[in-house]
Amino acid sequence: MNPSSFDHLLNAFIDFLSTEKGYSDNTCRAYSRDLEGFIAYFVSNRALALTGGDDEGTDADEIFDPAADMDRISNLMIRGYLADLHRQGLKKTSMARKLSAVRSFFKFLEKHGVISGNPAETVLTPKQDKPIPNYLSVDDVFRLLDSVKTGDVSGKRDRAILETLYSTGIRVSELAGLNLPDVDFSGKTIRVTGKGNKERIVPIGKTALGAVRAYRDSLDAKGSAVNPKGALFLNKNKGRLSARSVARMLDNAARKAGLNVPVAPHDLRHSFATHMLDAGLDLRMVQELLGHRQLSTTQRYTHVSIDRLMAAYDQAHPRK
C-alpha cells in the first residue's frame, strides 16, 4: 500500500470495513468522521501534538503530515488526544468509540506495512459508566400500543410497527430494513438482518403478526402494495419507511397516550428485554433474541429482576 496521502489510507480502510468486515454505511461514515477528527487534532496542534505536549527543542512551525508522519504517533500522543476530548466535555462512550476507530485504523496500517507498530494498542479505553437502560412498564407499553387508532391505513401501519418492535425486540434500523418475504406468518418468525449484515431468526407474537397482516391487507385492498418482495412498512409515497420516521411516529404516539416521558424506538427494545428477563427467560436466550455479540451487553437489563429476586429471597430465606 502506498501511503501517498491520508485520504488514500482512510479510503482503503473504510473500503476494508465495508467489503471485508461487512460494516454498514452508517458505521463506516462514523469511523471516517472519527478518524478525520483524530488527524485534525494533530494537524492543528502541530509540533505540540507530535511531542505529546513537550515542545522543547522542536520547530514550532513544524506541520504534521498525515501520511508521512503516521509512524511518529505514539501512545502518549493518543492519550493527549483523549485528554483533549475530555476537556471538550465528550462523554466516555464517545471517547471510547473514537479510540476504537483509531485502534482499528492503526491495526490496519500495521498489517499493510504502513507503520511498524500499533501505538493505540496499549492505550486504555476510558472506564465506562453503565447507565440503566430506559424502559417502560408493562402497563405503559400496553397503554401505548392500545392508544394507536387503526381506522385507516397509516394507523394500521403504526400499530403494526409498534407491536412488532415490542414483540421482537429488534432495532428500529432492523425493522426499517424488513421486507415482506422476511415475515413467516405460518412459522411465527421474522428474518432480521442485524449489525455486520448478520441474519437471525426471531419469534414474533400472534398479536404483532395479526397487526402486520391487517396492515398489509389494507394496502392490498387499496392497490398500494406494489411490490410483494419489497419493504414491509411503507411511507406515504410507497417507499421504504425510514428509522427516523418511525422515531417521530413513536414520539407522537407516546404523547397522545399521555406518557410523561419521551419514548424512543430503542426504549421498546429495552422494554422487551426487561420484561422477558423479569418473566424468567434465560439471559443467553435474550442475548440471542437481541442479536448481542457480547453477553455483557445483555446483562445491563438484569437490574430489573432485582425486585423479583428480593421478593423471592424474602419469601424463601429462613432468617429474614
# chains A, B, ... in the order shown; residues from 1 in each chain; ligands from 1

call {"tool": "residues_around", "arguments": {"residues": "A:Phe108", "least_positions_apart": "2", "cutoff": "12 Å", "atoms": "only C-alpha atoms", "output": "list in words"}}
result
Met1, Leu9, Leu10, Asn11, Ala12, Phe13, Ile14, Asp15, Phe16, Leu17, Ala101, Val102, Arg103, Ser104, Phe105, Phe106, Glu110, Lys111, His112, Gly113, Val114, Ile115, Ser116, Gly117, Asn118, Ala120 and Glu121 of chain A

call {"tool": "write_last_selection", "arguments": {"atoms": "C-alpha atoms", "output": "compact mmCIF listing (two decimals), in the first residue's frame"}}
result
# COMPACT_ATOMS: atom_id res chain seq x y z
CA MET A 1 0.00 0.00 0.00
CA LEU A 9 -5.16 5.46 3.65
CA LEU A 10 -8.56 6.35 5.06
CA ASN A 11 -10.42 5.33 1.90
CA ALA A 12 -8.59 1.99 1.85
CA PHE A 13 -9.51 1.39 5.49
CA ILE A 14 -13.17 2.30 5.01
CA ASP A 15 -13.34 0.06 1.95
CA PHE A 16 -11.90 -2.76 4.08
CA LEU A 17 -14.57 -2.20 6.76
CA ALA A 101 -11.78 3.69 15.45
CA VAL A 102 -8.19 4.85 15.93
CA ARG A 103 -7.09 1.45 17.26
CA SER A 104 -8.67 -0.37 14.31
CA PHE A 105 -7.16 2.08 11.83
CA PHE A 106 -3.62 1.64 13.17
CA GLU A 110 0.36 -2.10 10.66
CA LYS A 111 -0.98 -5.10 8.79
CA HIS A 112 -0.23 -3.41 5.46
CA GLY A 113 3.24 -2.24 6.43
CA VAL A 114 2.49 1.48 6.58
CA ILE A 115 3.59 1.66 10.24
CA SER A 116 5.79 -0.63 12.30
CA GLY A 117 3.50 -0.97 15.33
CA ASN A 118 0.10 -0.07 16.71
CA ALA A 120 -3.15 2.65 20.21
CA GLU A 121 -2.98 -0.98 21.28

call {"tool": "closest_residue", "arguments": {"among": "A:Val202, A:Ile170, A:Leu165, A:Leu76", "to": "A:Val183", "atoms": "only C-alpha atoms"}}
result
A:Val202

call {"tool": "select_by_dssp", "arguments": {"residues": "stretch 59-225 of chain A", "states": "strand (DSSP E)", "output": "ChimeraX atom specification"}}
result
/A:183-184,189-193,199-203
